[in-house]
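Printed here is work06.tsv (TSV, C-alpha atoms):
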```tsv
chain	number	residue	atom	x	y	z
A	27	MET	CA	148.63	123.86	90.49
A	28	THR	CA	149.95	122.09	93.57
A	29	GLU	CA	148.66	118.74	94.75
A	30	ALA	CA	147.01	120.46	97.71
A	31	THR	CA	145.10	122.82	95.43
A	32	ALA	CA	144.20	119.93	93.12
A	33	LEU	CA	142.86	117.88	96.03
A	34	THR	CA	140.77	120.79	97.26
A	35	ARG	CA	139.28	121.31	93.82
A	36	LEU	CA	138.81	117.56	93.40
A	37	GLN	CA	136.67	117.50	96.51
A	38	GLU	CA	134.64	120.46	95.25
A	39	LEU	CA	134.01	118.62	91.99
A	40	ASP	CA	133.01	115.41	93.74
A	41	LEU	CA	130.58	117.22	96.02
A	42	GLU	CA	129.04	119.00	93.04
A	43	LEU	CA	128.79	115.68	91.17
A	44	LEU	CA	127.00	114.20	94.18
A	45	ARG	CA	124.54	117.09	94.21
A	46	HIS	CA	123.80	116.68	90.51
A	47	ALA	CA	123.43	112.91	90.87
A	48	SER	CA	120.98	113.46	93.73
A	49	LYS	CA	119.08	115.97	91.61
A	50	LEU	CA	118.78	113.44	88.80
A	51	ALA	CA	117.66	110.69	91.17
A	52	ALA	CA	115.03	112.97	92.74
A	53	MET	CA	113.36	113.93	89.47
A	54	PRO	CA	109.64	113.01	89.63
A	55	GLN	CA	109.81	111.36	86.23
A	56	ARG	CA	112.11	108.69	87.66
A	57	ARG	CA	109.57	107.72	90.29
A	58	ARG	CA	106.86	107.67	87.66
A	59	LEU	CA	108.96	105.46	85.40
A	60	LYS	CA	109.33	102.92	88.19
A	61	THR	CA	105.57	102.99	88.79
A	62	ILE	CA	104.88	102.47	85.09
A	63	GLU	CA	107.35	99.58	84.88
A	64	LEU	CA	105.68	97.87	87.85
A	65	ALA	CA	102.26	98.36	86.24
A	66	LYS	CA	103.56	96.99	82.93
A	67	ARG	CA	104.88	93.85	84.62
A	68	LYS	CA	101.56	93.35	86.39
A	69	VAL	CA	99.56	93.78	83.18
A	70	ALA	CA	101.93	91.49	81.27
A	71	SER	CA	101.48	88.79	83.92
A	72	GLU	CA	97.70	89.17	83.87
A	73	LEU	CA	97.66	89.17	80.06
A	74	LEU	CA	99.69	85.97	79.97
A	75	GLY	CA	97.11	84.27	82.18
A	76	ILE	CA	94.17	85.63	80.15
A	77	VAL	CA	95.68	84.50	76.84
A	78	GLY	CA	96.26	81.02	78.27
A	79	GLN	CA	92.66	80.80	79.46
A	80	ARG	CA	91.37	82.13	76.14
A	81	LYS	CA	93.29	79.48	74.20
A	82	ASP	CA	91.99	76.77	76.54
A	83	ALA	CA	88.44	78.05	76.01
A	84	GLU	CA	88.89	78.02	72.23
A	85	LEU	CA	90.17	74.45	72.34
A	86	GLU	CA	87.28	73.36	74.55
A	87	ILE	CA	84.76	74.96	72.17
A	88	ALA	CA	86.47	73.36	69.17
A	89	ASP	CA	86.36	69.94	70.84
A	90	THR	CA	82.69	70.38	71.76
A	91	GLU	CA	81.77	71.51	68.24
A	92	GLU	CA	83.67	68.55	66.81
A	93	ARG	CA	81.74	66.14	69.03
A	94	LEU	CA	78.49	67.85	68.09
A	95	ALA	CA	79.29	67.50	64.40
A	96	HIS	CA	80.10	63.83	64.96
A	97	TYR	CA	76.78	63.27	66.74
A	98	HIS	CA	74.86	64.93	63.90
A	99	GLU	CA	76.73	62.88	61.33
A	100	LYS	CA	76.09	59.68	63.26
A	101	THR	CA	72.40	60.59	63.60
A	102	ALA	CA	72.12	61.03	59.83
A	103	GLU	CA	73.81	57.65	59.29
A	104	VAL	CA	71.48	55.84	61.72
A	105	GLN	CA	68.42	57.47	60.17
A	106	ALA	CA	69.56	56.54	56.67
A	107	THR	CA	70.22	52.94	57.72
A	108	ALA	CA	66.83	52.68	59.48
A	109	GLU	CA	65.00	53.93	56.39
A	110	ALA	CA	66.82	51.62	53.97
A	111	GLY	CA	64.67	48.53	53.34
A	112	GLU	CA	62.41	46.54	55.58
A	113	ARG	CA	63.34	46.36	59.29
A	114	THR	CA	62.13	44.15	62.03
A	115	HIS	CA	60.48	45.58	65.07
A	116	ARG	CA	63.55	44.80	67.15
A	117	GLU	CA	65.86	46.51	64.66
A	118	LEU	CA	63.64	49.58	64.59
A	119	ARG	CA	63.68	49.69	68.38
A	120	ASP	CA	67.49	49.53	68.38
A	121	PHE	CA	67.62	52.39	65.85
A	122	GLU	CA	65.27	54.39	68.02
A	123	GLN	CA	67.44	53.84	71.10
A	124	GLN	CA	70.52	54.91	69.17
A	125	LEU	CA	68.78	58.06	67.93
A	126	THR	CA	67.56	58.85	71.44
A	127	SER	CA	71.06	58.47	72.85
A	128	LEU	CA	72.50	60.62	70.07
A	129	ALA	CA	69.85	63.28	70.66
A	130	LYS	CA	70.83	63.45	74.34
A	131	HIS	CA	74.48	63.84	73.41
A	132	ILE	CA	73.56	66.59	70.94
A	133	GLU	CA	71.45	68.39	73.55
A	134	LYS	CA	74.23	68.12	76.13
A	135	ALA	CA	76.86	69.43	73.69
A	136	GLU	CA	74.66	72.31	72.53
A	137	PHE	CA	73.89	73.22	76.14
A	138	ALA	CA	77.61	73.22	77.00
A	139	LEU	CA	78.46	75.48	74.07
A	140	GLY	CA	76.46	78.43	75.45
A	141	PRO	CA	78.47	78.96	78.66
A	142	LEU	CA	81.70	78.12	76.85
A	143	ARG	CA	81.10	80.83	74.24
A	144	GLU	CA	80.10	83.32	76.93
A	145	ARG	CA	83.32	82.55	78.80
A	146	LEU	CA	85.32	83.00	75.62
A	147	GLU	CA	83.68	86.38	75.00
A	148	ARG	CA	84.56	87.51	78.52
A	149	LEU	CA	88.16	86.40	78.08
A	150	GLU	CA	88.44	88.09	74.68
A	151	ARG	CA	87.06	91.30	76.19
A	152	ALA	CA	89.50	91.07	79.09
A	153	GLU	CA	92.36	90.47	76.65
A	154	ARG	CA	91.43	93.51	74.58
A	155	ASN	CA	91.24	95.66	77.72
A	156	ALA	CA	94.61	94.38	78.94
A	157	ARG	CA	96.23	95.07	75.57
A	158	ARG	CA	94.77	98.59	75.53
A	159	THR	CA	96.14	99.16	79.04
A	160	GLU	CA	99.49	97.78	77.93
A	161	GLY	CA	99.53	100.16	74.97
A	162	SER	CA	98.61	103.12	77.16
A	163	LEU	CA	101.41	102.26	79.57
A	164	ASP	CA	103.89	102.01	76.69
A	165	ASP	CA	102.82	105.45	75.48
A	166	GLU	CA	103.11	106.91	78.98
A	167	LEU	CA	106.50	105.28	79.46
A	168	ALA	CA	107.79	106.84	76.24
A	169	SER	CA	106.42	110.30	77.05
A	170	THR	CA	107.75	110.19	80.62
A	171	GLN	CA	111.19	109.11	79.43
A	172	GLU	CA	111.16	111.92	76.87
A	173	SER	CA	110.23	114.40	79.61
A	174	LEU	CA	113.02	113.09	81.84
A	175	ASP	CA	115.57	113.31	79.04
A	176	ARG	CA	114.51	116.86	78.26
A	177	ASP	CA	114.46	118.10	81.86
A	178	SER	CA	117.72	116.39	82.81
A	179	ALA	CA	119.71	117.38	79.73
A	180	ASP	CA	121.42	120.35	81.40
A	181	VAL	CA	122.24	118.38	84.53
A	182	ARG	CA	123.67	115.46	82.56
A	183	ALA	CA	125.72	117.84	80.42
A	184	ARG	CA	127.13	119.44	83.59
A	185	ILE	CA	127.97	116.01	84.99
A	186	VAL	CA	129.93	115.19	81.84
A	187	GLU	CA	131.79	118.51	82.09
A	188	LEU	CA	132.61	117.99	85.77
A	189	SER	CA	133.70	114.40	85.17
A	190	ARG	CA	136.16	115.50	82.49
A	191	GLU	CA	137.62	118.15	84.79
A	192	ARG	CA	137.84	115.60	87.60
A	193	GLU	CA	139.76	113.22	85.36
A	194	ARG	CA	142.26	115.97	84.50
A	195	LEU	CA	142.71	116.93	88.15
A	196	ALA	CA	143.15	113.34	89.30
A	197	GLY	CA	146.10	113.11	86.94
A	198	GLN	CA	147.81	115.90	88.89
A	199	VAL	CA	147.62	114.04	92.21
A	200	SER	CA	150.11	111.37	93.19
A	201	ALA	CA	148.90	107.78	93.33
A	202	GLU	CA	149.49	107.72	97.10
A	203	HIS	CA	147.48	110.87	97.81
A	204	LEU	CA	144.77	109.92	95.34
A	205	ALA	CA	144.30	106.54	97.02
A	206	ALA	CA	144.14	108.22	100.43
A	207	TYR	CA	141.61	110.72	99.11
A	208	GLU	CA	139.37	108.05	97.58
A	209	ALA	CA	139.39	106.05	100.81
A	210	ALA	CA	138.57	109.13	102.90
A	211	ARG	CA	135.90	110.24	100.44
A	212	LYS	CA	134.06	106.95	100.87
A	213	ARG	CA	134.54	106.95	104.63
A	214	PHE	CA	133.41	110.55	105.20
A	215	LYS	CA	130.70	110.72	102.49
A	216	GLY	CA	132.53	113.17	100.27
A	217	LEU	CA	134.17	115.38	102.90
A	218	ALA	CA	137.64	113.86	102.63
A	219	VAL	CA	139.76	117.02	102.69
A	220	GLU	CA	139.87	119.87	105.20
A	221	ARG	CA	142.06	122.96	105.45
A	222	LEU	CA	143.84	124.37	108.42
A	223	ASN	CA	142.38	127.79	109.24
A	224	GLY	CA	144.73	129.19	111.85
A	225	ASN	CA	144.99	126.28	114.25
A	226	VAL	CA	141.48	124.89	113.55
A	227	PRO	CA	140.71	122.26	110.86
A	228	SER	CA	137.87	123.49	108.65
A	229	VAL	CA	135.64	120.39	108.92
A	230	CYS	CA	136.02	118.79	112.34
A	231	ARG	CA	136.63	122.20	113.98
A	232	VAL	CA	138.69	120.73	116.85
A	233	LYS	CA	141.32	123.26	117.94
A	234	LEU	CA	144.88	121.94	117.69
A	235	GLN	CA	147.23	122.01	120.63
A	236	PRO	CA	150.26	124.31	120.20
A	237	SER	CA	152.63	121.37	119.84
A	238	GLN	CA	150.38	119.74	117.24
A	239	PHE	CA	150.02	122.99	115.33
A	240	HIS	CA	153.80	123.49	115.35
A	241	ASP	CA	154.43	119.99	114.00
A	242	LEU	CA	151.80	120.34	111.27
A	243	ALA	CA	152.91	123.82	110.27
A	244	HIS	CA	156.47	122.59	109.75
A	245	GLY	CA	155.56	119.30	108.12
A	246	ASP	CA	154.15	118.28	104.75
A	247	GLU	CA	151.42	120.48	103.29
A	248	ILE	CA	149.23	117.37	102.85
A	249	THR	CA	148.91	115.41	106.06
A	250	GLU	CA	146.22	113.84	108.25
A	251	CYS	CA	144.09	115.50	110.87
A	252	PRO	CA	145.01	114.01	114.28
A	253	TYR	CA	141.37	114.19	115.38
A	254	CYS	CA	139.05	113.19	112.52
A	255	HIS	CA	141.73	111.60	110.27
A	256	ARG	CA	140.65	113.42	107.15
A	257	MET	CA	143.29	114.67	104.74
A	258	LEU	CA	144.48	117.99	106.14
A	259	ILE	CA	146.03	120.71	103.98
A	260	THR	CA	148.18	123.17	105.84
A	261	SER	CA	149.61	125.36	103.06
A	262	GLU	CA	148.42	128.91	102.52
A	263	GLU	CA	147.98	128.27	98.76
A	264	ALA	CA	145.17	125.78	99.37
A	265	GLU	CA	143.22	128.32	101.38
A	266	GLN	CA	143.04	130.87	98.56
```
Could I get this file's structure written as structure tokens?
Amino acid sequence: MTEATALTRLQELDLELLRHASKLAAMPQRRRLKTIELAKRKVASELLGIVGQRKDAELEIADTEERLAHYHEKTAEVQATAEAGERTHRELRDFEQQLTSLAKHIEKAEFALGPLRERLERLERAERNARRTEGSLDDELASTQESLDRDSADVRARIVELSRERERLAGQVSAEHLAAYEAARKRFKGLAVERLNGNVPSVCRVKLQPSQFHDLAHGDEITECPYCHRMLITSEEAEQ
């Protein structure tokens, strides 16, 4: 196989690889996977906030219950002290004031516990819902990935096959021509090589002047198009 033929086939392989890559990228499962990932990040962020609020609510309830227990304990102590032995009227009045103050603290703490526990229940419910949503998204992610792997198996196998053939062909092209091909492939979005059909290049389709055609026909079989500057193959072998 000549370099000209190898370059022509190399371009065919690269164009086919591009088509297969585009087919993979356009698979609906890929779009769905991105949507699921975005939803998972959103749920994870929301869950992080809910868990933080739930822990704060638990701490606040624990602190309130601790204060309430302290007030009850202190009430029992004051009552026991007031009932132990004879007390003056002034002492009894002081005990009564202490008990009244403690009762207000107890009432305030008990009143605060109701809304706190309701808030905790709401947060726990929200956390359970978020975790269920997270689990559902994980399941959907796995099933969508499995579907993508199954539906893209043939395409990926073909890409591997084409890539191996491309590697073999590239080894048959000189470093100079391969570098020129790679540069042109990037510049012209895959259409790096054209063939001379009569006196017309196959891609740009600009008819050569007689003098240009004469020079190209008697020059190297791999040259450059004077109009579009793609790699131009002039030999008959490359056209077959």
Q) What's the 12 Å shell around Ser237 of chain A, counting all atoms listed in the file, without same-chain residues fewer than 5 positions away, as an MDAnalysis selection string? A) chainID A and resid 225 242:244 252
Those residues with C-alpha atoms, as a PDB file, in the frame of the given file please?
```
ATOM      1  CA  ASN A 225     144.990 126.280 114.250  1.00  0.00           C
ATOM      2  CA  LEU A 242     151.800 120.340 111.270  1.00  0.00           C
ATOM      3  CA  ALA A 243     152.910 123.820 110.270  1.00  0.00           C
ATOM      4  CA  HIS A 244     156.470 122.590 109.750  1.00  0.00           C
ATOM      5  CA  PRO A 252     145.010 114.010 114.280  1.00  0.00           C
TER       6      PRO A 252
END
```
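Candidate residues A:Thr61, A:Gln79, A:Thr260, A:Gln37 were compared for distance to Asn223 of chain A, and the nearest is A:Thr260, using all atoms listed in the file.
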(Q) Report as a VMD selection string all protein, DNA and RNA residues lying within 10 Å of Glu250 of chain A, evaluated on all atoms listed in the file, omitting residues in the same chain fewer than 6 positions from it. (A) chain A and resid 206 219 to 220 242 256 to 260
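Minimum atom-to-atom distance to Ala156 of chain A, evaluated using all atoms listed in the file, belongs to A:Leu73 out of A:Leu73, A:Leu59, A:Leu50, A:Leu39.
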Using only C-alpha atoms, tabulate the residues of segment 132-229 of chain A lying at most 12 Å from any atom of segment 84-95 of chain A, each with its closest atom pair and that distance in Å to one decimal, by chain and increasing residue number, as JSON lines.
```
{"residue": "A:Ile132", "atom": "CA", "partner": "A:Leu94", "partner_atom": "CA", "distance": 5.8}
{"residue": "A:Glu133", "atom": "CA", "partner": "A:Leu94", "partner_atom": "CA", "distance": 8.9}
{"residue": "A:Lys134", "atom": "CA", "partner": "A:Leu94", "partner_atom": "CA", "distance": 9.1}
{"residue": "A:Ala135", "atom": "CA", "partner": "A:Leu94", "partner_atom": "CA", "distance": 6.0}
{"residue": "A:Glu136", "atom": "CA", "partner": "A:Leu94", "partner_atom": "CA", "distance": 7.4}
{"residue": "A:Phe137", "atom": "CA", "partner": "A:Thr90", "partner_atom": "CA", "distance": 10.2}
{"residue": "A:Ala138", "atom": "CA", "partner": "A:Thr90", "partner_atom": "CA", "distance": 7.8}
{"residue": "A:Leu139", "atom": "CA", "partner": "A:Ile87", "partner_atom": "CA", "distance": 6.6}
{"residue": "A:Gly140", "atom": "CA", "partner": "A:Ile87", "partner_atom": "CA", "distance": 9.6}
{"residue": "A:Pro141", "atom": "CA", "partner": "A:Ile87", "partner_atom": "CA", "distance": 9.9}
{"residue": "A:Leu142", "atom": "CA", "partner": "A:Ile87", "partner_atom": "CA", "distance": 6.4}
{"residue": "A:Arg143", "atom": "CA", "partner": "A:Ile87", "partner_atom": "CA", "distance": 7.2}
{"residue": "A:Glu144", "atom": "CA", "partner": "A:Ile87", "partner_atom": "CA", "distance": 10.7}
{"residue": "A:Arg145", "atom": "CA", "partner": "A:Glu84", "partner_atom": "CA", "distance": 9.7}
{"residue": "A:Leu146", "atom": "CA", "partner": "A:Glu84", "partner_atom": "CA", "distance": 7.0}
{"residue": "A:Glu147", "atom": "CA", "partner": "A:Glu84", "partner_atom": "CA", "distance": 10.2}
{"residue": "A:Leu149", "atom": "CA", "partner": "A:Glu84", "partner_atom": "CA", "distance": 10.2}
{"residue": "A:Glu150", "atom": "CA", "partner": "A:Glu84", "partner_atom": "CA", "distance": 10.4}
```
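Candidate residues A:Pro54, A:Gly111, A:Pro227, A:Pro236 were compared for distance to Ser173 of chain A, and the nearest is A:Pro54, using only C-alpha atoms.
Atom pair atom CA of His240 of chain A / atom CA of Lys215 of chain A has a distance of 29.4 Å (rounded to one decimal).
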Q: List the neighbours of Tyr253 of chain A out to 10 Å using all atoms listed in the file; skip same-chain residues closer than 4 positions along the sequence, and give me the result as a list of chain:residue names.
A: A:Pro227, A:Cys230, A:Arg231, A:Val232, A:Lys233, A:Leu234
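Atom to atom, atom CA of Leu36 of chain A and atom CA of Glu191 of chain A stand 8.7 Å apart.
Those residues positioned at most 7 Å from (90.2, 88.0, 80.8) are Ile76, Arg148, Leu149, Glu150, Arg151, Ala152 and Glu153 of chain A, judged using only C-alpha atoms.
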Please write the residues from the selection above to a file, keeping C-alpha atoms, as a short mmCIF file (atom, residue, chain, number, x, y, z; two decimals), in the coordinates of the input.
```
data_model
loop_
_atom_site.label_atom_id
_atom_site.label_comp_id
_atom_site.auth_asym_id
_atom_site.auth_seq_id
_atom_site.Cartn_x
_atom_site.Cartn_y
_atom_site.Cartn_z
CA ILE A 76 94.17 85.63 80.15
CA ARG A 148 84.56 87.51 78.52
CA LEU A 149 88.16 86.40 78.08
CA GLU A 150 88.44 88.09 74.68
CA ARG A 151 87.06 91.30 76.19
CA ALA A 152 89.50 91.07 79.09
CA GLU A 153 92.36 90.47 76.65
#
```
Q: Please provide the set of residues having any atom within 9 Å of Ala209 of chain A, restricted to all atoms listed in the file, with same-chain residues fewer than 5 positions apart removed, written as a ChimeraX atom specification.
A: /A:204,214,218
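For Val186 of chain A, the non-local neighbours within 12 Å, defined as residues at least 4 positions apart in the same chain or in other chains and counting all atoms listed in the file, are Leu39, Glu42, Leu43, His46, Ala47, Ala179, Asp180, Val181, Arg182, Arg190, Glu191, Arg192 and Glu193 of chain A.
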Q.
Between atom CA of Glu202 of chain A and atom CA of Ile185 of chain A, what is the distance in Å, rounded to a tenth?
A. 26.0 Å
Q. With all atoms listed in the file as the basis for distance, which of A:Glu160, A:Gly224, A:Thr107, A:Ser189 is at the shortest distance from Lys68 of chain A?
A. A:Glu160
(Q) From (103.4, 98.2, 83.9), in the file's coordinates, out to 7 Å: which residues are reached, counting only C-alpha atoms? Answer as a PyMOL selection string. (A) chain A and resi 62-69+163
Once 6 Å is added on each side, what centre and edge lengths in Å to one decimal does the axis-aligned box around all listed atoms of segment 201-216 of chain A have, as AutoDock Vina command-line options?
```
--center_x 140.1 --center_y 109.6 --center_z 99.3 --size_x 30.8 --size_y 19.1 --size_z 23.9
```
